[in-house]
Structure formats: C-alpha cells, structure tokens
>>> print(open('input_3.txt').read())   # compact mmCIF, C-alpha atoms and all ligand atoms
# COMPACT_ATOMS: atom_id res chain seq x y z
CA MET A 55 143.21 -25.03 133.76
CA GLY A 56 142.52 -26.86 130.54
CA GLU A 57 139.76 -28.91 132.12
CA THR A 58 136.74 -29.66 129.94
CA PRO A 59 133.98 -27.22 130.81
CA VAL A 60 130.92 -28.78 132.41
CA VAL A 61 128.80 -27.00 129.81
CA ARG A 62 129.89 -25.41 126.54
CA LEU A 63 127.45 -23.55 124.25
CA ARG A 64 128.27 -22.06 120.87
CA ASP A 65 125.95 -19.91 118.74
CA VAL A 66 122.82 -21.50 120.11
CA THR A 67 119.61 -20.25 118.49
CA LYS A 68 116.00 -21.07 119.33
CA SER A 69 112.67 -19.77 118.10
CA TYR A 70 109.09 -20.74 118.78
CA GLY A 71 106.17 -20.56 116.36
CA GLU A 72 106.03 -19.94 112.62
CA GLY A 73 105.54 -17.02 110.25
CA ALA A 74 104.13 -13.88 111.82
CA ALA A 75 103.83 -15.65 115.18
CA LYS A 76 107.52 -16.57 115.22
CA THR A 77 109.46 -15.49 118.30
CA GLN A 78 113.23 -15.64 118.11
CA VAL A 79 114.15 -16.35 121.73
CA LEU A 80 117.87 -17.14 121.55
CA ARG A 81 119.91 -15.34 118.88
CA GLY A 82 123.33 -16.90 119.22
CA VAL A 83 124.23 -17.77 122.77
CA SER A 84 127.80 -18.82 123.53
CA PHE A 85 129.21 -19.47 126.96
CA ASP A 86 131.02 -21.98 129.16
CA ILE A 87 130.37 -23.15 132.67
CA ASP A 88 133.46 -24.40 134.45
CA LYS A 89 133.47 -26.97 137.20
CA GLY A 90 132.77 -25.47 140.61
CA GLU A 91 131.20 -22.23 139.41
CA LEU A 92 128.08 -20.68 140.91
CA ILE A 93 126.46 -18.61 138.17
CA ALA A 94 123.33 -16.47 138.39
CA LEU A 95 121.30 -16.08 135.18
CA VAL A 96 119.13 -12.98 135.21
CA GLY A 97 116.92 -11.20 132.68
CA GLN A 98 113.40 -9.92 132.15
CA SER A 99 110.38 -12.19 132.06
CA GLY A 100 110.14 -13.82 128.63
CA SER A 101 113.80 -13.17 127.82
CA GLY A 102 114.56 -16.88 127.41
CA LYS A 103 116.15 -17.93 130.70
CA SER A 104 114.09 -21.10 131.15
CA THR A 105 114.49 -21.93 127.46
CA LEU A 106 118.26 -21.77 127.85
CA LEU A 107 118.22 -23.86 131.03
CA ASN A 108 116.07 -26.49 129.33
CA ILE A 109 118.41 -26.65 126.34
CA ILE A 110 121.43 -27.07 128.60
CA GLY A 111 119.63 -29.79 130.57
CA GLY A 112 118.56 -31.68 127.44
CA LEU A 113 114.85 -31.04 128.07
CA ASP A 114 114.58 -28.96 124.88
CA ARG A 115 116.53 -28.77 121.60
CA PRO A 116 117.92 -25.64 119.94
CA ASP A 117 117.35 -24.83 116.24
CA ALA A 118 121.09 -24.54 115.65
CA GLY A 119 124.39 -24.28 117.48
CA GLU A 120 126.52 -26.54 119.62
CA VAL A 121 125.74 -27.86 123.09
CA GLU A 122 128.34 -29.93 124.89
CA VAL A 123 128.05 -31.34 128.37
CA LEU A 124 131.26 -32.72 129.85
CA GLY A 125 132.65 -33.03 126.35
CA VAL A 126 129.59 -34.89 124.97
CA ASP A 127 127.67 -33.35 122.07
CA THR A 128 124.14 -33.64 123.45
CA LEU A 129 122.53 -32.68 120.13
CA LYS A 130 124.01 -35.75 118.45
CA ALA A 131 123.40 -38.04 121.41
CA SER A 132 120.69 -40.70 121.13
CA ASP A 133 117.53 -40.31 123.19
CA SER A 134 118.63 -43.01 125.62
CA LYS A 135 122.09 -41.47 126.04
CA LEU A 136 120.42 -38.10 126.62
CA ALA A 137 118.06 -39.59 129.18
CA ASN A 138 121.04 -41.09 131.00
CA MET A 139 122.83 -37.78 131.02
CA ARG A 140 119.75 -36.01 132.35
CA ASN A 141 119.60 -38.58 135.07
CA GLN A 142 123.29 -38.71 136.01
CA LYS A 143 124.87 -35.39 135.09
CA PHE A 144 122.12 -32.92 135.96
CA GLY A 145 120.04 -32.14 138.97
CA PHE A 146 116.98 -29.98 138.34
CA VAL A 147 115.35 -27.68 140.88
CA PHE A 148 112.20 -25.77 139.91
CA GLN A 149 110.19 -22.96 141.43
CA ALA A 150 107.17 -25.22 141.94
CA PHE A 151 109.09 -27.99 143.83
CA ASN A 152 107.31 -30.69 141.73
CA LEU A 153 107.01 -33.17 144.60
CA LEU A 154 104.50 -36.03 144.54
CA ASP A 155 102.25 -35.86 147.55
CA HIS A 156 101.22 -39.53 147.60
CA LEU A 157 104.86 -40.51 148.16
CA SER A 158 106.92 -40.05 151.31
CA VAL A 159 109.75 -37.54 151.44
CA LEU A 160 112.30 -40.35 151.06
CA GLU A 161 110.41 -41.85 148.13
CA ASN A 162 110.35 -38.45 146.43
CA VAL A 163 114.11 -38.14 146.86
CA THR A 164 114.81 -41.61 145.45
CA LEU A 165 112.35 -41.23 142.56
CA PRO A 166 115.12 -40.67 139.98
CA SER A 167 116.29 -44.24 140.65
CA ALA A 168 113.15 -45.47 138.85
CA PHE A 169 114.75 -44.19 135.65
CA SER A 170 118.26 -45.41 136.36
CA ARG A 171 120.04 -48.70 136.05
CA THR A 172 121.97 -48.14 139.26
CA THR A 173 119.92 -49.79 141.96
CA LYS A 174 122.58 -50.01 144.65
CA ASP A 175 121.57 -48.89 148.15
CA ILE A 176 118.80 -46.60 146.97
CA ASN A 177 117.38 -45.84 150.40
CA GLY A 178 120.82 -45.32 151.92
CA ARG A 179 121.69 -42.81 149.24
CA GLY A 180 118.30 -41.14 149.64
CA ARG A 181 118.83 -40.76 153.38
CA GLU A 182 122.30 -39.33 152.75
CA ALA A 183 120.78 -36.74 150.37
CA LEU A 184 118.21 -35.84 153.04
CA ARG A 185 120.96 -35.52 155.61
CA ARG A 186 122.79 -33.08 153.36
CA VAL A 187 119.78 -30.77 153.26
CA GLY A 188 119.20 -31.13 157.01
CA LEU A 189 115.98 -33.18 156.75
CA SER A 190 117.06 -36.54 158.17
CA ASP A 191 114.07 -36.62 160.52
CA PHE A 192 111.54 -36.05 157.74
CA ALA A 193 112.06 -39.16 155.61
CA LYS A 194 108.65 -40.70 156.38
CA ARG A 195 106.60 -37.52 156.14
CA ARG A 196 104.52 -36.49 153.15
CA PRO A 197 105.46 -33.32 151.24
CA GLY A 198 102.05 -31.83 152.14
CA GLU A 199 103.12 -31.79 155.79
CA LEU A 200 106.18 -29.62 155.14
CA SER A 201 106.80 -25.88 154.92
CA GLY A 202 107.71 -24.28 151.59
CA GLY A 203 111.40 -24.12 152.47
CA GLN A 204 111.41 -27.75 153.59
CA LYS A 205 109.69 -28.78 150.35
CA GLN A 206 112.34 -27.00 148.34
CA ARG A 207 115.06 -28.73 150.36
CA VAL A 208 113.44 -32.09 149.55
CA ALA A 209 113.50 -31.09 145.88
CA ILE A 210 117.18 -30.18 146.23
CA ALA A 211 117.87 -33.54 147.93
CA ARG A 212 116.16 -35.26 144.99
CA ALA A 213 118.33 -33.23 142.59
CA LEU A 214 121.46 -34.24 144.55
CA PHE A 215 120.45 -37.90 144.80
CA GLY A 216 122.26 -38.97 141.63
CA SER A 217 125.45 -37.00 142.49
CA PRO A 218 125.05 -34.68 139.50
CA GLU A 219 127.85 -32.65 137.94
CA ILE A 220 125.69 -29.56 137.84
CA LEU A 221 122.52 -28.29 139.46
CA LEU A 222 120.20 -26.35 137.13
CA CYS A 223 117.82 -24.26 139.20
CA ASP A 224 114.93 -22.28 137.71
CA GLU A 225 113.82 -19.59 140.16
CA PRO A 226 114.31 -21.90 143.16
CA THR A 227 113.24 -19.24 145.64
CA GLY A 228 110.33 -17.90 143.58
CA ASN A 229 107.67 -19.53 145.77
CA LEU A 230 109.38 -18.87 149.10
CA ASP A 231 109.08 -15.97 151.50
CA SER A 232 112.20 -13.92 151.88
CA GLU A 233 113.45 -15.57 155.10
CA THR A 234 113.00 -19.11 153.74
CA GLY A 235 114.49 -18.03 150.42
CA LYS A 236 117.55 -16.88 152.30
CA GLU A 237 117.98 -20.32 153.89
CA VAL A 238 117.86 -21.96 150.48
CA ILE A 239 120.36 -19.46 149.07
CA ASP A 240 122.70 -20.04 152.02
CA PHE A 241 122.41 -23.75 151.36
CA PHE A 242 123.30 -23.33 147.67
CA ARG A 243 126.30 -21.24 148.64
CA GLU A 244 127.46 -23.89 151.09
CA LEU A 245 127.00 -26.70 148.55
CA ASN A 246 129.13 -24.74 146.13
CA ALA A 247 131.82 -23.69 148.61
CA LYS A 248 132.13 -26.93 150.61
CA ASP A 249 131.26 -29.64 148.11
CA GLY A 250 132.28 -27.86 144.91
CA VAL A 251 128.89 -28.43 143.29
CA THR A 252 128.48 -26.42 140.06
CA LEU A 253 125.29 -24.37 140.01
CA LEU A 254 123.45 -22.40 137.35
CA ILE A 255 120.60 -20.51 138.98
CA VAL A 256 117.93 -18.54 137.13
CA THR A 257 116.77 -15.88 139.52
CA HIS A 258 115.21 -12.49 140.04
CA GLU A 259 116.66 -12.48 143.51
CA ARG A 260 119.44 -10.00 144.21
CA ARG A 261 120.66 -12.11 147.10
CA ILE A 262 121.53 -14.95 144.75
CA SER A 263 123.35 -12.75 142.27
CA SER A 264 125.31 -11.25 145.14
CA VAL A 265 126.68 -14.67 146.18
CA ALA A 266 127.34 -15.77 142.59
CA GLN A 267 130.86 -15.73 141.15
CA ARG A 268 129.47 -14.64 137.80
CA VAL A 269 126.22 -12.98 136.85
CA ILE A 270 125.08 -13.38 133.26
CA ALA A 271 122.12 -11.53 131.84
CA MET A 272 119.86 -12.51 128.96
CA ARG A 273 119.24 -9.47 126.79
CA ASP A 274 117.72 -9.43 123.30
CA GLY A 275 118.36 -13.14 122.89
CA MET A 276 122.03 -12.85 123.78
CA LEU A 277 123.97 -13.39 126.97
CA VAL A 278 126.04 -10.61 128.47
CA GLU A 279 128.30 -10.86 131.46
CA THR A 280 127.40 -8.34 134.07
CA THR A 281 128.30 -7.54 137.63
CA ASP A 282 126.20 -7.45 140.70
CA GLU A 283 127.03 -3.74 141.02
CA ALA A 284 125.65 -3.02 137.55
CA LEU A 285 122.49 -4.93 138.43
CA ALA A 286 122.12 -3.04 141.67
CA ALA A 287 122.34 0.26 139.82
CA HIS A 288 119.46 -0.76 137.53
CA ALA A 289 117.31 -2.72 139.92
CA GLY A 290 117.10 -0.33 142.82
CA PRO A 291 116.42 -1.72 146.30
CA SER A 292 115.10 -5.27 146.54
N1 LIG A 301 106.87 -24.11 124.41
C1 LIG A 301 106.77 -22.85 123.96
N2 LIG A 301 106.03 -22.54 122.88
C2 LIG A 301 105.97 -21.29 122.40
N3 LIG A 301 106.60 -20.24 122.96
C3 LIG A 301 107.36 -20.47 124.03
C4 LIG A 301 107.49 -21.78 124.59
N4 LIG A 301 108.30 -21.70 125.67
C5 LIG A 301 108.66 -20.41 125.77
N5 LIG A 301 108.10 -19.67 124.79
C6 LIG A 301 108.30 -18.22 124.58
O1 LIG A 301 109.69 -17.99 124.55
C7 LIG A 301 110.03 -16.79 125.25
C8 LIG A 301 111.02 -17.10 126.36
O2 LIG A 301 110.37 -17.89 127.35
P1 LIG A 301 111.13 -18.36 128.66
O3 LIG A 301 110.18 -19.20 129.41
O4 LIG A 301 112.43 -18.98 128.28
O5 LIG A 301 111.40 -16.97 129.40
P2 LIG A 301 111.96 -16.68 130.85
O6 LIG A 301 113.10 -15.74 130.71
O7 LIG A 301 112.20 -17.96 131.58
O8 LIG A 301 110.74 -15.90 131.54
P3 LIG A 301 110.23 -15.90 133.09
O9 LIG A 301 111.20 -15.01 133.84
O10 LIG A 301 108.87 -15.28 132.99
O11 LIG A 301 110.21 -17.31 133.57
C9 LIG A 301 108.71 -16.19 125.71
O12 LIG A 301 108.32 -15.23 124.77
C10 LIG A 301 107.78 -17.38 125.71
O13 LIG A 301 106.46 -16.95 125.46
MG MG A 302 111.35 -18.87 133.25
>>> encode(input="input_3.txt", output="structure tokens")
Amino acid sequence: MGETPVVRLRDVTKSYGEGAAKTQVLRGVSFDIDKGELIALVGQSGSGKSTLLNIIGGLDRPDAGEVEVLGVDTLKASDSKLANMRNQKFGFVFQAFNLLDHLSVLENVTLPSAFSRTTKDINGRGREALRRVGLSDFAKRRPGELSGGQKQRVAIARALFGSPEILLCDEPTGNLDSETGKEVIDFFRELNAKDGVTLLIVTHERRISSVAQRVIAMRDGMLVETTDEALAAHAGPS
C-alpha cells in the first residue's frame, strides 16, 4: 500500500484534426496502474485504445491532463529524459511484431541497446531474454525463419531486454492463430504471476480479459472498469 503507481493518468484528453474534421478521442481519462497488475484494455475499433497506450508510453502527447510514470511527470520531461524512460521503463509489444529481417534473432532482441548508454554484457542479457521466452536455440536464426508465435516471443524478449517496469502490448495476439495466441497469453500470465511484471494489454481476445485482474473498457472517450462476466454477456461466444 502507498506505493507510487507505475502509471497515473488524470483527466487526459486527446483529439485529432481541426474544425469539422476534429475527432475527440479521449475525453478525460483517469486511472492508475499499480505494480504487478495485469490489465486488459478493451473497446471498439477506433475507440482510442492505441492512442491511450501511446500516450502512456510517451510515443504521443495528450492535449491536456496529467501523465505520471513512476512518479515522473512525462509531459514536463525533456525529450532525452522521455527517450530514456521509453527505453528503460517500458517494453512495447505490437500486433505486427516489428522485427528486422536482416538481423538475427539475438540482434533483434538486443536492438534497444543501440539507444541506451548501458552497454554491459549486451549479448548475455539478450540470451537471457531469449531463454525467458523459451527460444534459447534460435539466437542465430532470422525472424523470417520463425513461426508467428515464435516471432511474437522474440518481440516479447526484445521488450523484456531492458528489464522494463511495465509491458505495453497492443493486440499482441492479433496476427496469431488461436492456438499460438493461447501460448502467448499463457506466457504473459506466467510473466505476471512468477516475475511480477506489470502488463497493460490492448486486446479483442476474451482469453486475455479472462486472465486479467482488471478489465477496463474504452467507451465514448472515457474508461470504465468492467468485469469479464459483463464482457461475456455482450460479446457472445468467442
Ligand atoms: N495520427 C492520427 N491522426 C488522425 N487521427 C488519428 C490518428 N491516430 C488515431 N486517430 C483516430 O483516433 C481514433 C482512435 O484511434 P485508435 O487507433 O486509438 O483506436 P483503437 O481503439 O486502437 O482502434 P483499433 O481497435 O482499430 O486498433 C480513431 O478515430 C482514429 O481514426
Ligand atoms: Mg489500436
């Protein structure tokens, strides 16, 4: 109790465009993420889930409101401080994996070190991240030689490489078949339960919301807490 939340948002607003073309995406979003939580963020397409994730991760700026990460006001932080936080405090996992095919698996995992001042034992730490996702034997392969689920595990290893405080995942199973998606979900659950990694996962996938401790839904530019049961009642079978 009393610990600084990993993420704290207050009255965050964001719009895109001007005049008649203006879209108000976030209309006053407030919420906290505590250390060790696994939270699913759900909501219709276009409701602002990725926008919110990008604001939390310092990839985008809100129009107004407060955003604090581990007690640091990221809106007032300098660009270099923000870049450091992105590098050290966050791990990002995207639907499209975003791996570079001309690099080996290990080189993909250690890529964040190119933007970091910490140069200690880069390959050792990269191999450790690969071990955590069960891909120790794949270090020298190219991403193009891997299955979809393996690619996503490489992307997760890259996200874990810098020992982040929180993993921000934007539809991490969106490009995976249901069996492979399940493996990735099981892995997220294990990371959270065993290693205490904090996760915020944007998802349409009922199986993620059912393992989450909290499910929050984006609706009309606001966040509402919901329950997996309430989602199930609306979503029907999935
Ligand atoms: N860079 C941008 N410029 C203009 N409009 C944008 C931009 N990014 C997002 N939008 C608009 O903001 C709204 C929210 O987009 P966002 O990508 O956050 O939705 P989402 O909930 O992630 O949707 P999906 O489930 O389809 O990924 C949409 O109406 C989108 O068209
Ligand atoms: Mg999105």
>>> closest_residue(input="input_3.txt", among="A:Asp86, A:Asp133, A:Glu279, A:Asp114", to="ligand LIG 301 (chain A)", atoms="all atoms listed in the file")
A:Asp114
>>> axis_aligned_box(input="input_3.txt", around="ligand LIG 301 (chain A)", padding_each_side="4 Å", output="AutoDock Vina command-line options")
--center_x 109.5 --center_y -19.6 --center_z 128.1 --size_x 15.1 --size_y 17.1 --size_z 19.4
>>> residues_near_ligand(input="input_3.txt", ligand="ligand LIG 301 (chain A)", cutoff="7 Å", atoms="only C-alpha atoms and all ligand atoms", output="count of residues only")
14
>>> closest_residue(input="input_3.txt", among="A:Gly203, A:Val121, A:Ile210, A:Ser132", to="Thr164 of chain A", atoms="all atoms listed in the file")
A:Ile210
>>> closest_residue(input="input_3.txt", among="A:Asp224, A:Asp127, A:Glu233, A:Asp65", to="ligand MG 302 (chain A)", atoms="only C-alpha atoms and all ligand atoms")
A:Asp224
>>> closest_atom_pairs(input="input_3.txt", of="segment 146-187 of chain A", to="segment 249-257 of chain A", cutoff="12 Å", atoms="all atoms listed in the file", output="tab-separated table")
residue	atom	partner	partner_atom	distance
A:Phe146	CA	A:Leu254	CA	10.0
A:Val147	CA	A:Ile255	CA	9.1
A:Phe148	CA	A:Val256	CA	9.6
A:Gln149	CA	A:Thr257	CA	9.9
A:Arg186	CA	A:Asp249	CA	10.5
>>> residues_around(input="input_3.txt", residues="Asn177 of chain A", least_positions_apart="3", cutoff="9 Å", atoms="all atoms listed in the file", output="list in words")
Leu160, Glu161, Thr164, Lys174, Gly180, Arg181 and Glu182 of chain A
>>> atom_distance(input="input_3.txt", atom1="atom CA of Leu230 of chain A", atom2="atom CA of Ala211 of chain A")
17.0 Å
>>> residues_around(input="input_3.txt", residues="Ser134 of chain A", least_positions_apart="3", cutoff="12 Å", atoms="all atoms listed in the file", output="PDB file with C-alpha atoms, in the coordinates of the input")
ATOM      1  CA  GLY A 112     118.560 -31.680 127.440  1.00  0.00           C
ATOM      2  CA  THR A 128     124.140 -33.640 123.450  1.00  0.00           C
ATOM      3  CA  LYS A 130     124.010 -35.750 118.450  1.00  0.00           C
ATOM      4  CA  ALA A 131     123.400 -38.040 121.410  1.00  0.00           C
ATOM      5  CA  ALA A 137     118.060 -39.590 129.180  1.00  0.00           C
ATOM      6  CA  ASN A 138     121.040 -41.090 131.000  1.00  0.00           C
ATOM      7  CA  MET A 139     122.830 -37.780 131.020  1.00  0.00           C
ATOM      8  CA  ARG A 140     119.750 -36.010 132.350  1.00  0.00           C
ATOM      9  CA  ASN A 141     119.600 -38.580 135.070  1.00  0.00           C
ATOM     10  CA  PHE A 169     114.750 -44.190 135.650  1.00  0.00           C
ATOM     11  CA  SER A 170     118.260 -45.410 136.360  1.00  0.00           C
ATOM     12  CA  ARG A 171     120.040 -48.700 136.050  1.00  0.00           C
TER      13      ARG A 171
END
>>> atom_distance(input="input_3.txt", atom1="atom CA of Val96 of chain A", atom2="atom CA of Gly125 of chain A")
25.8 Å
>>> closest_residue(input="input_3.txt", among="A:Pro197, A:Gly145, A:Gly178, A:Gly119", to="Leu221 of chain A", atoms="all atoms listed in the file")
A:Gly145
>>> atom_distance(input="input_3.txt", atom1="atom CA of Asp191 of chain A", atom2="atom CA of Phe241 of chain A")
17.9 Å
>>> residues_near_point(input="input_3.txt", point="(113.6, -32.8, 145.4)", cutoff="8 Å", atoms="all atoms listed in the file", output="list in words")
Val147, Phe151, Asn152, Leu153, Asn162, Val163, Lys205, Gln206, Arg207, Val208, Ala209, Ile210, Ala211, Arg212 and Ala213 of chain A
>>> residues_around(input="input_3.txt", residues="Glu122 of chain A", least_positions_apart="2", cutoff="9 Å", atoms="only C-alpha atoms", output="number ranges by chain")
A: 59-64, 110, 120, 124-129
>>> closest_residue(input="input_3.txt", among="A:Val83, A:Val238, A:Val265, A:Leu157", to="Ala193 of chain A", atoms="all atoms listed in the file")
A:Leu157
>>> closest_residue(input="input_3.txt", among="A:Lys135, A:Arg268, A:Arg273, A:His258", to="ligand MG 302 (chain A)", atoms="only C-alpha atoms and all ligand atoms")
A:His258
>>> residues_around(input="input_3.txt", residues="Arg115 of chain A", least_positions_apart="6", cutoff="9 Å", atoms="only C-alpha atoms", output="NGL selection string")
:A and (68 or 108-109 or 129)
>>> decode(input="input_3.txt", residues="segment 132-145 of chain A", atoms="N, CA, C and O atoms", output="CSV table (one decimal), in the first residue's frame")
chain,number,residue,atom,x,y,z
A,132,SER,N,12.0,16.3,-20.5
A,132,SER,CA,12.7,16.7,-21.7
A,132,SER,C,12.7,15.5,-22.7
A,132,SER,O,12.4,14.4,-22.3
A,133,ASP,N,12.9,15.8,-24.0
A,133,ASP,CA,12.9,14.7,-25.0
A,133,ASP,C,13.9,13.6,-24.6
A,133,ASP,O,13.6,12.4,-24.8
A,134,SER,N,15.0,14.0,-24.1
A,134,SER,CA,16.0,13.0,-23.8
A,134,SER,C,15.7,12.1,-22.6
A,134,SER,O,15.8,10.9,-22.6
A,135,LYS,N,15.1,12.8,-21.6
A,135,LYS,CA,14.6,12.1,-20.4
A,135,LYS,C,13.5,11.1,-20.9
A,135,LYS,O,13.4,9.9,-20.4
A,136,LEU,N,12.6,11.6,-21.7
A,136,LEU,CA,11.5,10.8,-22.2
A,136,LEU,C,12.0,9.6,-23.0
A,136,LEU,O,11.5,8.4,-22.8
A,137,ALA,N,13.0,9.8,-23.8
A,137,ALA,CA,13.6,8.7,-24.6
A,137,ALA,C,14.2,7.7,-23.7
A,137,ALA,O,14.0,6.5,-23.9
A,138,ASN,N,14.8,8.1,-22.6
A,138,ASN,CA,15.4,7.2,-21.6
A,138,ASN,C,14.3,6.4,-20.9
A,138,ASN,O,14.5,5.2,-20.7
A,139,MET,N,13.2,7.1,-20.6
A,139,MET,CA,12.2,6.3,-19.9
A,139,MET,C,11.6,5.3,-20.9
A,139,MET,O,11.3,4.2,-20.5
A,140,ARG,N,11.4,5.7,-22.1
A,140,ARG,CA,10.8,4.7,-23.1
A,140,ARG,C,11.7,3.5,-23.2
A,140,ARG,O,11.2,2.4,-23.3
A,141,ASN,N,13.0,3.8,-23.1
A,141,ASN,CA,14.0,2.7,-23.3
A,141,ASN,C,14.0,1.8,-22.0
A,141,ASN,O,14.2,0.6,-22.1
A,142,GLN,N,13.9,2.4,-20.8
A,142,GLN,CA,14.2,1.7,-19.6
A,142,GLN,C,13.0,1.3,-18.8
A,142,GLN,O,13.0,0.3,-18.1
A,143,LYS,N,11.9,2.0,-18.9
A,143,LYS,CA,10.8,1.8,-18.1
A,143,LYS,C,9.7,1.0,-18.8
A,143,LYS,O,8.8,0.3,-18.2
A,144,PHE,N,9.7,1.1,-20.1
A,144,PHE,CA,8.6,0.4,-20.9
A,144,PHE,C,9.2,-0.6,-21.8
A,144,PHE,O,10.2,-0.5,-22.4
A,145,GLY,N,8.4,-1.7,-22.0
A,145,GLY,CA,8.6,-2.6,-23.1
A,145,GLY,C,7.4,-2.6,-24.0
A,145,GLY,O,6.3,-2.6,-23.5
